[in-house]
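Asker: What follows is final-v5.txt, made up of compact mmCIF, C-alpha atoms and all ligand atoms:
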# COMPACT_ATOMS: atom_id res chain seq x y z
CA MET Y 1 19.43 16.30 21.19
CA ILE Y 2 21.72 19.34 21.07
CA THR Y 3 21.69 21.09 17.70
CA ILE Y 4 25.09 21.54 16.10
CA ARG Y 5 26.05 23.91 13.30
CA THR Y 6 26.02 22.08 9.99
CA ARG Y 7 28.48 23.51 7.46
CA TYR Y 8 27.18 23.44 3.90
CA TYR Y 9 29.36 23.17 0.78
CA ARG Y 10 27.78 23.32 -2.67
CA ILE Y 11 30.24 21.70 -5.07
CA ASP Y 12 30.00 21.32 -8.84
CA PRO Y 13 31.01 17.71 -9.69
CA LYS Y 14 32.32 18.85 -13.08
CA VAL Y 15 34.75 21.38 -11.58
CA PRO Y 16 35.09 20.37 -7.91
CA ASN Y 17 36.27 23.18 -5.61
CA LEU Y 18 39.23 21.46 -3.95
CA THR Y 19 39.51 24.04 -1.16
CA HIS Y 20 35.99 23.20 0.01
CA ILE Y 21 36.61 19.46 -0.32
CA GLN Y 22 39.78 19.87 1.75
CA GLU Y 23 37.85 21.79 4.42
CA ALA Y 24 35.16 19.10 4.62
CA ALA Y 25 37.83 16.38 4.82
CA GLU Y 26 39.55 18.29 7.63
CA ILE Y 27 36.29 18.27 9.62
CA LEU Y 28 36.14 14.49 9.18
CA ARG Y 29 39.80 14.02 10.15
CA LYS Y 30 39.11 15.89 13.39
CA GLY Y 31 36.38 13.40 14.33
CA GLY Y 32 33.37 15.07 12.69
CA VAL Y 33 30.60 13.51 10.57
CA VAL Y 34 30.25 14.71 6.99
CA ALA Y 35 27.64 13.81 4.34
CA PHE Y 36 28.98 13.48 0.80
CA PRO Y 37 27.63 12.43 -2.61
CA THR Y 38 28.46 9.13 -4.26
CA GLU Y 39 27.12 7.66 -7.52
CA THR Y 40 24.61 5.56 -5.55
CA VAL Y 41 23.15 7.74 -2.76
CA TYR Y 42 24.59 10.28 -0.28
CA GLY Y 43 26.79 8.75 2.42
CA LEU Y 44 27.28 9.93 6.00
CA GLY Y 45 31.01 9.58 6.65
CA ALA Y 46 33.32 9.50 9.65
CA ASP Y 47 36.93 8.44 10.20
CA GLY Y 48 36.52 4.67 10.00
CA LEU Y 49 39.45 4.02 12.34
CA ASN Y 50 38.09 6.29 15.09
CA PRO Y 51 35.33 4.56 17.11
CA GLU Y 52 34.14 7.81 18.78
CA ALA Y 53 33.69 9.46 15.38
CA VAL Y 54 31.85 6.40 14.04
CA ALA Y 55 29.54 6.45 17.09
CA LYS Y 56 28.34 9.89 15.98
CA ILE Y 57 27.00 8.36 12.73
CA PHE Y 58 24.81 5.91 14.67
CA LYS Y 59 23.60 8.71 16.95
CA ALA Y 60 22.78 11.20 14.17
CA LYS Y 61 20.87 8.61 12.12
CA GLY Y 62 19.24 6.79 15.03
CA ARG Y 63 20.75 3.65 13.49
CA PRO Y 64 20.53 0.36 15.42
CA ALA Y 65 23.99 -0.66 16.68
CA ASP Y 66 23.71 -4.12 15.08
CA ASN Y 67 23.67 -2.66 11.54
CA PRO Y 68 27.27 -2.42 10.24
CA LEU Y 69 28.72 0.30 7.98
CA ILE Y 70 30.63 0.21 4.69
CA MET Y 71 34.27 1.34 4.62
CA HIS Y 72 34.89 3.68 1.66
CA VAL Y 73 38.33 4.05 0.08
CA ALA Y 74 39.89 6.11 -2.72
CA GLN Y 75 42.55 3.51 -3.56
CA GLN Y 76 42.47 -0.25 -3.81
CA LYS Y 77 45.65 -0.64 -1.75
CA GLU Y 78 43.83 0.70 1.34
CA ILE Y 79 41.99 -2.64 1.47
CA ASP Y 80 45.26 -4.31 2.60
CA LEU Y 81 44.80 -2.50 5.90
CA LEU Y 82 41.11 -3.35 6.34
CA ALA Y 83 40.93 -6.99 5.25
CA ARG Y 84 42.67 -9.89 6.99
CA GLU Y 85 42.98 -11.61 3.67
CA ILE Y 86 42.12 -10.68 0.08
CA PRO Y 87 41.18 -13.72 -2.01
CA PRO Y 88 42.22 -13.54 -5.71
CA LEU Y 89 38.53 -13.38 -6.63
CA ALA Y 90 38.17 -10.18 -4.59
CA GLU Y 91 41.12 -8.60 -6.43
CA ARG Y 92 39.46 -9.47 -9.70
CA MET Y 93 36.10 -7.97 -8.66
CA MET Y 94 37.84 -4.75 -7.55
CA GLU Y 95 39.66 -4.49 -10.86
CA LEU Y 96 36.48 -5.04 -12.86
CA PHE Y 97 33.92 -3.07 -10.85
CA TRP Y 98 35.80 -0.36 -8.92
CA PRO Y 99 35.31 2.46 -8.69
CA GLY Y 100 31.63 1.55 -8.79
CA PRO Y 101 28.45 0.49 -6.95
CA LEU Y 102 29.77 -2.86 -5.66
CA THR Y 103 30.47 -3.47 -1.96
CA LEU Y 104 32.55 -6.52 -1.08
CA ILE Y 105 32.35 -8.44 2.19
CA LEU Y 106 35.79 -9.68 3.25
CA PRO Y 107 37.31 -11.11 6.46
CA LYS Y 108 38.06 -8.12 8.71
CA SER Y 109 41.49 -7.12 10.01
CA ARG Y 110 42.18 -6.00 13.58
CA CYS Y 111 42.49 -2.35 12.46
CA VAL Y 112 38.74 -2.11 11.88
CA PRO Y 113 36.91 -1.05 15.06
CA ASP Y 114 34.06 -3.35 16.19
CA ILE Y 115 31.54 -0.51 16.03
CA VAL Y 116 32.02 -0.32 12.23
CA THR Y 117 31.23 -4.00 11.65
CA ALA Y 118 28.69 -4.29 14.50
CA GLY Y 119 30.92 -6.95 16.01
CA LEU Y 120 30.98 -9.14 12.87
CA ASP Y 121 34.18 -10.85 11.78
CA THR Y 122 33.77 -9.43 8.26
CA VAL Y 123 34.09 -5.94 6.81
CA ALA Y 124 32.24 -4.28 3.92
CA VAL Y 125 34.42 -2.24 1.54
CA ARG Y 126 33.77 -0.08 -1.52
CA MET Y 127 35.37 2.49 -3.82
CA PRO Y 128 32.68 4.87 -5.13
CA ALA Y 129 32.65 6.18 -8.71
CA HIS Y 130 31.98 9.87 -8.11
CA PRO Y 131 34.53 12.66 -8.63
CA ILE Y 132 33.59 14.46 -5.40
CA ALA Y 133 33.51 11.25 -3.34
CA LEU Y 134 36.93 10.20 -4.61
CA ALA Y 135 38.47 13.66 -4.04
CA PHE Y 136 36.93 13.76 -0.55
CA LEU Y 137 38.17 10.26 0.37
CA LYS Y 138 41.64 11.10 -0.93
CA ALA Y 139 41.75 14.30 1.12
CA ALA Y 140 40.51 12.41 4.21
CA ARG Y 141 43.55 10.08 4.05
CA VAL Y 142 41.68 7.53 6.19
CA PRO Y 143 39.11 4.87 5.27
CA VAL Y 144 35.70 6.48 5.68
CA ALA Y 145 32.94 4.49 7.37
CA ALA Y 146 29.62 5.53 5.85
CA PRO Y 147 26.03 4.32 5.67
CA SER Y 148 23.42 6.26 3.67
CA ALA Y 149 22.93 9.84 4.94
CA ASN Y 150 19.27 9.56 5.98
CA LEU Y 151 17.49 9.13 9.29
CA SER Y 152 17.25 5.40 9.95
CA GLY Y 153 14.23 3.89 8.19
CA ARG Y 154 13.72 6.78 5.74
CA PRO Y 155 14.45 6.55 2.01
CA SER Y 156 18.13 7.15 1.21
CA PRO Y 157 19.05 10.67 0.00
CA THR Y 158 19.66 11.27 -3.69
CA ILE Y 159 19.98 15.08 -3.50
CA GLY Y 160 21.61 17.36 -0.92
CA THR Y 161 18.23 18.71 0.23
CA HIS Y 162 17.17 15.21 1.35
CA VAL Y 163 20.24 15.10 3.62
CA LEU Y 164 19.52 18.55 5.09
CA LYS Y 165 15.88 17.62 5.69
CA ASP Y 166 16.91 14.57 7.77
CA LEU Y 167 20.19 15.62 9.38
CA ALA Y 168 20.68 19.42 9.50
CA GLY Y 169 21.68 20.34 13.06
CA LYS Y 170 22.79 16.76 13.76
CA ILE Y 171 25.94 16.47 11.62
CA ASP Y 172 29.03 18.64 11.09
CA ALA Y 173 28.87 19.20 7.34
CA VAL Y 174 27.10 18.43 4.07
CA VAL Y 175 28.89 18.36 0.74
CA ASP Y 176 26.15 18.91 -1.84
CA GLY Y 177 27.13 17.67 -5.29
CA GLY Y 178 23.66 17.61 -6.87
CA LYS Y 179 21.67 14.52 -7.87
CA THR Y 180 23.28 11.08 -7.57
CA SER Y 181 23.24 9.05 -10.80
CA VAL Y 182 22.34 5.47 -9.79
CA GLY Y 183 19.89 6.50 -7.08
CA LEU Y 184 19.87 3.12 -5.22
CA GLU Y 185 22.53 1.75 -2.88
CA SER Y 186 25.46 -0.44 -3.90
CA THR Y 187 25.18 -4.18 -4.46
CA VAL Y 188 26.56 -6.02 -1.41
CA LEU Y 189 28.45 -9.18 -2.42
CA ASP Y 190 29.67 -11.64 0.21
CA LEU Y 191 32.93 -13.18 -0.96
CA THR Y 192 33.47 -15.11 2.28
CA SER Y 193 31.06 -17.84 1.13
CA ASP Y 194 31.34 -20.17 -1.83
CA PRO Y 195 29.56 -19.57 -4.16
CA PRO Y 196 29.47 -15.80 -3.45
CA VAL Y 197 26.13 -14.42 -2.19
CA ILE Y 198 24.41 -11.15 -3.09
CA LEU Y 199 23.19 -9.85 0.27
CA ARG Y 200 21.66 -6.69 -1.18
CA PRO Y 201 20.85 -6.01 -4.85
CA GLY Y 202 22.02 -2.64 -6.15
CA GLY Y 203 23.85 -0.72 -8.83
CA VAL Y 204 25.81 -3.73 -10.16
CA THR Y 205 23.33 -6.31 -11.45
CA LEU Y 206 23.06 -10.08 -10.88
CA GLU Y 207 23.63 -10.58 -14.64
CA GLN Y 208 26.90 -8.57 -14.53
CA LEU Y 209 28.14 -10.62 -11.57
CA GLN Y 210 27.10 -13.95 -13.11
CA GLU Y 211 29.11 -13.11 -16.21
CA VAL Y 212 32.28 -12.91 -14.12
CA LEU Y 213 31.59 -15.33 -11.26
CA GLY Y 214 29.55 -17.97 -13.03
CA GLN Y 215 27.63 -19.09 -9.98
CA VAL Y 216 26.30 -16.44 -7.61
CA VAL Y 217 23.39 -16.75 -5.22
CA LEU Y 218 20.74 -14.18 -4.27
CA ASP Y 219 20.11 -14.14 -0.51
CA PRO Y 220 16.46 -15.30 -0.15
CA ALA Y 221 15.79 -12.25 2.06
CA ILE Y 222 16.06 -10.04 -1.03
CA ARG Y 223 12.70 -11.16 -2.34
CA GLY Y 224 11.23 -11.05 1.14
CA GLU Y 225 11.24 -14.84 1.46
CA TYR Y 226 12.52 -14.68 5.03
CA LEU Y 227 9.09 -13.44 6.05
CA ILE Y 228 7.63 -16.68 4.80
CA ASP Y 229 10.35 -19.09 5.85
CA GLY Y 230 11.56 -17.45 9.07
CA LEU Y 231 15.05 -16.95 7.53
CA VAL Y 232 17.20 -14.13 8.88
CA PRO Y 233 18.83 -11.94 6.20
CA ARG Y 234 22.63 -11.99 6.32
CA ALA Y 235 23.14 -8.28 5.66
CA PRO Y 236 21.87 -7.04 9.00
CA GLY Y 237 20.51 -3.85 7.40
CA MET Y 238 18.13 -5.84 5.24
CA LYS Y 239 15.94 -6.91 8.14
CA TYR Y 240 14.73 -3.41 8.99
CA ALA Y 241 11.53 -1.86 7.63
CA HIS Y 242 13.18 0.61 5.35
CA TYR Y 243 12.98 3.11 2.58
CA ALA Y 244 9.46 3.93 3.69
CA PRO Y 245 7.53 7.20 3.58
CA ARG Y 246 5.04 7.89 6.36
CA ALA Y 247 2.16 6.95 4.06
CA LYS Y 248 1.07 3.32 3.88
CA VAL Y 249 2.42 1.95 0.60
CA PHE Y 250 0.84 -0.91 -1.40
CA LEU Y 251 2.25 -2.54 -4.53
CA VAL Y 252 -0.25 -3.27 -7.30
CA GLU Y 253 0.85 -6.16 -9.49
CA GLY Y 254 -0.46 -7.37 -12.87
CA GLU Y 255 -0.81 -6.47 -16.55
CA PRO Y 256 -0.72 -2.67 -17.10
CA TRP Y 257 -4.40 -2.23 -17.99
CA GLN Y 258 -5.46 -4.48 -15.08
CA VAL Y 259 -3.25 -2.45 -12.75
CA ALA Y 260 -4.82 0.79 -14.03
CA LEU Y 261 -8.33 -0.61 -13.40
CA LYS Y 262 -7.36 -1.77 -9.92
CA MET Y 263 -5.77 1.61 -9.15
CA LYS Y 264 -9.08 3.27 -10.14
CA GLU Y 265 -11.01 1.03 -7.74
CA LEU Y 266 -8.49 1.61 -4.92
CA VAL Y 267 -8.40 5.39 -5.39
CA GLU Y 268 -12.18 5.57 -5.35
CA GLN Y 269 -12.43 3.45 -2.21
CA HIS Y 270 -9.76 5.34 -0.24
CA LYS Y 271 -10.90 8.80 -1.30
CA ALA Y 272 -14.39 7.88 -0.14
CA GLU Y 273 -12.81 7.21 3.28
CA GLY Y 274 -11.39 10.76 3.25
CA LYS Y 275 -7.77 9.67 2.67
CA ARG Y 276 -5.15 11.55 0.67
CA VAL Y 277 -4.15 9.13 -2.05
CA GLY Y 278 -1.01 8.96 -4.23
CA ILE Y 279 0.14 6.84 -7.15
CA ILE Y 280 3.76 6.01 -8.04
CA CYS Y 281 4.01 4.86 -11.65
CA THR Y 282 5.68 5.07 -15.06
CA GLU Y 283 4.71 7.59 -17.73
CA GLU Y 284 2.78 4.86 -19.57
CA MET Y 285 0.76 4.00 -16.46
CA LEU Y 286 0.07 7.69 -15.88
CA PHE Y 287 -1.38 7.81 -19.38
CA LEU Y 288 -3.70 4.88 -18.57
CA CYS Y 289 -4.74 6.41 -15.23
CA ARG Y 290 -5.28 9.98 -16.39
CA GLU Y 291 -8.94 9.52 -17.28
CA MET Y 292 -10.00 7.90 -14.03
CA VAL Y 293 -12.57 9.60 -11.78
CA PRO Y 294 -11.97 10.57 -9.04
CA GLN Y 295 -8.30 11.41 -9.58
CA PRO Y 296 -5.72 10.66 -6.85
CA ASP Y 297 -4.36 13.65 -4.90
CA HIS Y 298 -0.88 13.18 -6.31
CA TYR Y 299 1.12 11.29 -8.95
CA GLU Y 300 4.84 10.55 -8.78
CA THR Y 301 6.13 9.43 -12.15
CA LEU Y 302 9.39 7.50 -12.51
CA GLY Y 303 9.95 8.09 -16.24
CA PRO Y 304 9.39 5.65 -19.09
CA GLY Y 305 8.92 2.04 -17.97
CA GLU Y 306 11.48 0.70 -20.43
CA ASP Y 307 14.26 2.73 -18.75
CA LEU Y 308 14.76 0.94 -15.42
CA GLY Y 309 17.91 3.01 -14.75
CA GLU Y 310 15.79 6.16 -14.80
CA VAL Y 311 13.14 4.50 -12.61
CA ALA Y 312 15.87 3.56 -10.07
CA SER Y 313 17.31 7.08 -10.03
CA ARG Y 314 13.90 8.65 -9.29
CA LEU Y 315 12.48 6.12 -6.83
CA TYR Y 316 13.71 7.57 -3.52
CA SER Y 317 12.71 11.13 -4.43
CA ALA Y 318 9.25 9.80 -5.31
CA LEU Y 319 8.97 8.01 -1.94
CA ARG Y 320 10.08 11.15 -0.09
CA ASN Y 321 7.58 13.27 -2.02
CA CYS Y 322 4.76 11.15 -0.61
CA ASP Y 323 5.51 12.89 2.70
CA ARG Y 324 5.81 16.31 1.10
CA TYR Y 325 2.28 15.93 -0.28
CA HIS Y 326 0.99 14.57 3.03
CA LEU Y 327 -0.38 11.39 1.49
CA ASP Y 328 -2.05 8.77 3.68
CA VAL Y 329 -1.96 5.90 1.24
CA VAL Y 330 0.13 5.26 -1.86
CA PHE Y 331 -0.25 2.69 -4.64
CA ALA Y 332 2.88 1.82 -6.60
CA GLN Y 333 3.15 -0.34 -9.70
CA THR Y 334 5.70 -3.17 -9.89
CA PHE Y 335 8.63 -3.71 -12.29
CA PRO Y 336 10.21 -6.66 -14.09
CA GLU Y 337 12.97 -8.24 -12.02
CA ASN Y 338 15.84 -8.12 -14.43
CA GLY Y 339 18.92 -5.88 -14.34
CA ILE Y 340 18.46 -3.10 -11.79
CA GLY Y 341 14.79 -4.17 -11.58
CA VAL Y 342 15.80 -6.64 -8.83
CA ALA Y 343 17.03 -3.73 -6.69
CA ILE Y 344 14.01 -1.55 -7.54
CA MET Y 345 11.56 -4.28 -6.51
CA ASN Y 346 13.56 -5.06 -3.34
CA ARG Y 347 13.29 -1.41 -2.20
CA LEU Y 348 9.63 -1.12 -3.25
CA ARG Y 349 8.69 -4.28 -1.34
CA LYS Y 350 10.41 -2.95 1.75
CA ALA Y 351 8.77 0.48 1.39
CA ALA Y 352 5.45 -1.38 1.17
CA SER Y 353 6.30 -3.74 4.06
CA HIS Y 354 5.58 -6.52 1.53
CA ARG Y 355 1.92 -5.52 1.01
CA VAL Y 356 1.05 -6.62 -2.52
CA ILE Y 357 -2.37 -6.35 -4.21
CA LYS Y 358 -2.94 -8.57 -7.27
CA ALA Y 359 -4.75 -6.77 -10.07
P1 LIG Y 401 23.81 1.51 4.10
O1 LIG Y 401 25.08 2.05 3.56
O2 LIG Y 401 23.05 2.49 4.92
O3 LIG Y 401 22.98 0.97 3.01
O4 LIG Y 401 24.19 0.31 5.05
C1 LIG Y 401 25.22 -0.62 4.71
C2 LIG Y 401 24.65 -1.97 4.35
O5 LIG Y 401 25.73 -2.88 4.26
C3 LIG Y 401 23.68 -2.50 5.39
O6 LIG Y 401 22.62 -3.19 4.76
C4 LIG Y 401 24.57 -3.46 6.16
O7 LIG Y 401 23.83 -4.44 6.83
C5 LIG Y 401 25.49 -4.02 5.08
N1 LIG Y 401 26.76 -4.49 5.66
C6 LIG Y 401 27.78 -3.74 6.13
N2 LIG Y 401 28.77 -4.51 6.63
C7 LIG Y 401 28.38 -5.78 6.47
C8 LIG Y 401 28.96 -7.06 6.79
N3 LIG Y 401 30.15 -7.14 7.38
N4 LIG Y 401 28.27 -8.17 6.47
C9 LIG Y 401 27.07 -8.08 5.85
N5 LIG Y 401 26.46 -6.91 5.54
C10 LIG Y 401 27.10 -5.78 5.83
MG MG Y 402 20.94 2.94 4.47
Is it possible to express this structure as structure tokens?
Ligand code: AMP
Ligand code: MG

Answerer:
Amino acid sequence: MITIRTRYYRIDPKVPNLTHIQEAAEILRKGGVVAFPTETVYGLGADGLNPEAVAKIFKAKGRPADNPLIMHVAQQKEIDLLAREIPPLAERMMELFWPGPLTLILPKSRCVPDIVTAGLDTVAVRMPAHPIALAFLKAARVPVAAPSANLSGRPSPTIGTHVLKDLAGKIDAVVDGGKTSVGLESTVLDLTSDPPVILRPGGVTLEQLQEVLGQVVLDPAIRGEYLIDGLVPRAPGMKYAHYAPRAKVFLVEGEPWQVALKMKELVEQHKAEGKRVGIICTEEMLFLCREMVPQPDHYETLGPGEDLGEVASRLYSALRNCDRYHLDVVFAQTFPENGIGVAIMNRLRKAASHRVIKA
């Protein structure tokens, strides 16, 4: 692949440099691909109405063509152009949750190129809650098609350096706005079925959606049930092995002290085989594991276990660090599946290709 020059803009989200944002938006308007921060993860954006520009996203990421993108907007009225019809429920969800980490699936209009939706009759739309993202989208003056700004299959980027590591030389520009706050992707909610279905858990929780919608269904693929039942997930992106470091990841499930004992046994066994071993855990689990002999080669801590928001925001960096420390095998603890815990466990299961060890 030919290397292209990647422009780099470091922008302070508290006092965004509008000249730089304008420059980056200009690159996008001319058909370029630009990575930008959102509150969830970094997105890789292109003019969503220009199929040639959108094709560059798929090429840079190595993304399969059957995995559709999300259209990002700065104003709710832009959805009139993208959706064939906006049910009253969709209006209500936009009012309550936008800007924010909720993507809505709506019937697509003819304006949306097929490459964006991978040929589906529906379109995914979102308004991100990040000052730089909103300023950038406003300056772009077009809906911006964007998936996460990582190489396909790798953990999504939560800092600008992650984007550079995966895509420098392959994209036209990176807008670096520091660490993203949520750290996991948006919740994808399909409003074309009744009751609405969560196709991907994310920043907006099942509990928050239930409060507004009453009935809402979790796609069985989210808990990996399609592997058992032969079901195909309805968000095409959910079927790919994903979010994975190069190391082989295993989840270790059970009561904390049992998990710590199991980790000890696993570390001993794999170190004896000459492997480089890592552990991904909370601060409390680190405390339980600290006395074990031999010690693993590396720990990635995700903060205190009671703060699932913090765990979510640190998860992708932790998974990426497994590569930085050249680990061969990684053992990660599990988390309760409430609130953002549903999204954390969904990503962990995928990173581990559903390998779970019971402690
Ligand atoms: P990414 O932004 O990289 O997380 O990718 C966007 C996610 O949204 C992928 O999981 C897609 O499969 C999903 N998605 C986008 N458009 C649609 C759609 N029309 N129907 C269902 N899922 C979609
Ligand atoms: Mg992605």

Asker: Sorted by chain and rising residue number, list the residues of chain Y at most 10 Å from ligand LIG 401 (chain Y) (counting all atoms listed in the file), each with its closest atom pair and distance in Å to one decimal, as a tab-separated table.

Answerer:
residue	atom	partner	partner_atom	distance
Y:Thr40	CA	Y:LIG401	O1	9.8
Y:Val41	CA	Y:LIG401	O1	8.7
Y:Tyr42	CA	Y:LIG401	O1	9.1
Y:Gly43	CA	Y:LIG401	O1	7.0
Y:Leu44	CA	Y:LIG401	O1	8.5
Y:Lys61	CA	Y:LIG401	O2	9.7
Y:Arg63	CA	Y:LIG401	O2	8.9
Y:Asp66	CA	Y:LIG401	O7	8.3
Y:Asn67	CA	Y:LIG401	O7	5.0
Y:Pro68	CA	Y:LIG401	C6	4.3
Y:Leu69	CA	Y:LIG401	C6	4.5
Y:Ile70	CA	Y:LIG401	C6	5.1
Y:Met71	CA	Y:LIG401	N2	8.3
Y:Thr103	CA	Y:LIG401	O5	7.8
Y:Leu104	CA	Y:LIG401	C7	8.7
Y:Ile105	CA	Y:LIG401	N3	5.8
Y:Leu106	CA	Y:LIG401	N3	7.4
Y:Pro107	CA	Y:LIG401	N3	8.2
Y:Lys108	CA	Y:LIG401	N3	8.1
Y:Val116	CA	Y:LIG401	N2	7.7
Y:Thr117	CA	Y:LIG401	N3	5.4
Y:Ala118	CA	Y:LIG401	N3	7.8
Y:Gly119	CA	Y:LIG401	N3	8.7
Y:Leu120	CA	Y:LIG401	N3	5.9
Y:Asp121	CA	Y:LIG401	N3	7.0
Y:Thr122	CA	Y:LIG401	N3	4.4
Y:Val123	CA	Y:LIG401	N3	4.2
Y:Ala124	CA	Y:LIG401	N2	4.4
Y:Val125	CA	Y:LIG401	N2	7.9
Y:Ala145	CA	Y:LIG401	O1	9.1
Y:Ala146	CA	Y:LIG401	O1	6.2
Y:Pro147	CA	Y:LIG401	O1	3.2
Y:Ser148	CA	Y:LIG401	O2	4.0
Y:Ala149	CA	Y:LIG401	O2	7.4
Y:Asn150	CA	Y:LIG401	O2	8.1
Y:Leu151	CA	Y:LIG401	O2	9.7
Y:Ser152	CA	Y:LIG401	O2	8.2
Y:Gly153	CA	Y:LIG401	O2	9.5
Y:Pro155	CA	Y:LIG401	O2	9.9
Y:Ser156	CA	Y:LIG401	O2	7.7
Y:Leu184	CA	Y:LIG401	O3	9.1
Y:Glu185	CA	Y:LIG401	O3	6.0
Y:Ser186	CA	Y:LIG401	O3	7.5
Y:Thr187	CA	Y:LIG401	O5	8.8
Y:Val188	CA	Y:LIG401	O5	6.5
Y:Leu189	CA	Y:LIG401	C9	8.5
Y:Asp190	CA	Y:LIG401	C9	7.2
Y:Thr192	CA	Y:LIG401	N4	9.6
Y:Ile198	CA	Y:LIG401	C9	9.8
Y:Leu199	CA	Y:LIG401	N5	6.9
Y:Arg200	CA	Y:LIG401	O6	7.0
Y:Gly202	CA	Y:LIG401	O3	9.9
Y:Pro233	CA	Y:LIG401	O7	9.0
Y:Arg234	CA	Y:LIG401	C9	5.9
Y:Ala235	CA	Y:LIG401	N5	3.6
Y:Pro236	CA	Y:LIG401	O7	3.9
Y:Gly237	CA	Y:LIG401	O7	3.4
Y:Met238	CA	Y:LIG401	O6	5.2
Y:Lys239	CA	Y:LIG401	O6	8.4
Y:Tyr240	CA	Y:LIG401	O6	9.0

Asker: For the selection just defined, write its residues with C-alpha atoms to a file, as a CSV table (one decimal), in the coordinates of the input.

Answerer:
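selection.csv, freshly written:
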chain,number,residue,atom,x,y,z
Y,40,THR,CA,24.6,5.6,-5.6
Y,41,VAL,CA,23.2,7.7,-2.8
Y,42,TYR,CA,24.6,10.3,-0.3
Y,43,GLY,CA,26.8,8.8,2.4
Y,44,LEU,CA,27.3,9.9,6.0
Y,61,LYS,CA,20.9,8.6,12.1
Y,63,ARG,CA,20.8,3.6,13.5
Y,66,ASP,CA,23.7,-4.1,15.1
Y,67,ASN,CA,23.7,-2.7,11.5
Y,68,PRO,CA,27.3,-2.4,10.2
Y,69,LEU,CA,28.7,0.3,8.0
Y,70,ILE,CA,30.6,0.2,4.7
Y,71,MET,CA,34.3,1.3,4.6
Y,103,THR,CA,30.5,-3.5,-2.0
Y,104,LEU,CA,32.6,-6.5,-1.1
Y,105,ILE,CA,32.4,-8.4,2.2
Y,106,LEU,CA,35.8,-9.7,3.2
Y,107,PRO,CA,37.3,-11.1,6.5
Y,108,LYS,CA,38.1,-8.1,8.7
Y,116,VAL,CA,32.0,-0.3,12.2
Y,117,THR,CA,31.2,-4.0,11.6
Y,118,ALA,CA,28.7,-4.3,14.5
Y,119,GLY,CA,30.9,-7.0,16.0
Y,120,LEU,CA,31.0,-9.1,12.9
Y,121,ASP,CA,34.2,-10.8,11.8
Y,122,THR,CA,33.8,-9.4,8.3
Y,123,VAL,CA,34.1,-5.9,6.8
Y,124,ALA,CA,32.2,-4.3,3.9
Y,125,VAL,CA,34.4,-2.2,1.5
Y,145,ALA,CA,32.9,4.5,7.4
Y,146,ALA,CA,29.6,5.5,5.8
Y,147,PRO,CA,26.0,4.3,5.7
Y,148,SER,CA,23.4,6.3,3.7
Y,149,ALA,CA,22.9,9.8,4.9
Y,150,ASN,CA,19.3,9.6,6.0
Y,151,LEU,CA,17.5,9.1,9.3
Y,152,SER,CA,17.2,5.4,10.0
Y,153,GLY,CA,14.2,3.9,8.2
Y,155,PRO,CA,14.4,6.6,2.0
Y,156,SER,CA,18.1,7.2,1.2
Y,184,LEU,CA,19.9,3.1,-5.2
Y,185,GLU,CA,22.5,1.8,-2.9
Y,186,SER,CA,25.5,-0.4,-3.9
Y,187,THR,CA,25.2,-4.2,-4.5
Y,188,VAL,CA,26.6,-6.0,-1.4
Y,189,LEU,CA,28.4,-9.2,-2.4
Y,190,ASP,CA,29.7,-11.6,0.2
Y,192,THR,CA,33.5,-15.1,2.3
Y,198,ILE,CA,24.4,-11.2,-3.1
Y,199,LEU,CA,23.2,-9.8,0.3
Y,200,ARG,CA,21.7,-6.7,-1.2
Y,202,GLY,CA,22.0,-2.6,-6.2
Y,233,PRO,CA,18.8,-11.9,6.2
Y,234,ARG,CA,22.6,-12.0,6.3
Y,235,ALA,CA,23.1,-8.3,5.7
Y,236,PRO,CA,21.9,-7.0,9.0
Y,237,GLY,CA,20.5,-3.8,7.4
Y,238,MET,CA,18.1,-5.8,5.2
Y,239,LYS,CA,15.9,-6.9,8.1
Y,240,TYR,CA,14.7,-3.4,9.0

Asker: Give me the residues near region 204-219 of chain Y as a PyMOL selection string, where near means some atom within 6 Å (using only C-alpha atoms) and where sequence neighbours in that chain fewer than 3 positions away do not count.

Answerer: chain Y and resi 101+187+195-199+222+339-340

Asker: Looking at only C-alpha atoms and all ligand atoms, which of Y:Pro157, Y:Pro296, Y:Pro16, Y:Gly45 is the one that sits closest to ligand MG 402 (chain Y)?

Answerer: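 The answer is Y:Pro157, which sits nearest to ligand MG 402 (chain Y).
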
Asker: Write out as number ranges by chain each polymer residue whose atoms come within 12 Å of Glu91 (chain Y), counting all atoms listed in the file; drop sequence neighbours fewer than 5 positions from it.

Answerer: Y: 76-77, 79-80, 83, 85-86, 96-98, 104, 106, 191

Asker: Show me, as an mmCIF file with C-alpha atoms, in the coordinates of the input, the residues that have an atom within 8 Å of region 299-304 of chain Y when counting only C-alpha atoms, minus same-chain residues fewer than 3 positions from it.

Answerer:
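selection-v4.cif was written with the following content:
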data_model
loop_
_atom_site.group_PDB
_atom_site.id
_atom_site.type_symbol
_atom_site.label_atom_id
_atom_site.label_comp_id
_atom_site.auth_asym_id
_atom_site.auth_seq_id
_atom_site.Cartn_x
_atom_site.Cartn_y
_atom_site.Cartn_z
ATOM 1 C CA GLY Y 278 -1.010 8.960 -4.230
ATOM 2 C CA ILE Y 279 0.140 6.840 -7.150
ATOM 3 C CA ILE Y 280 3.760 6.010 -8.040
ATOM 4 C CA CYS Y 281 4.010 4.860 -11.650
ATOM 5 C CA THR Y 282 5.680 5.070 -15.060
ATOM 6 C CA GLU Y 283 4.710 7.590 -17.730
ATOM 7 C CA GLU Y 284 2.780 4.860 -19.570
ATOM 8 C CA LEU Y 286 0.070 7.690 -15.880
ATOM 9 C CA PRO Y 296 -5.720 10.660 -6.850
ATOM 10 C CA ASP Y 307 14.260 2.730 -18.750
ATOM 11 C CA GLU Y 310 15.790 6.160 -14.800
ATOM 12 C CA VAL Y 311 13.140 4.500 -12.610
ATOM 13 C CA ALA Y 312 15.870 3.560 -10.070
ATOM 14 C CA ARG Y 314 13.900 8.650 -9.290
ATOM 15 C CA LEU Y 315 12.480 6.120 -6.830
ATOM 16 C CA ALA Y 318 9.250 9.800 -5.310
ATOM 17 C CA ASN Y 321 7.580 13.270 -2.020
#
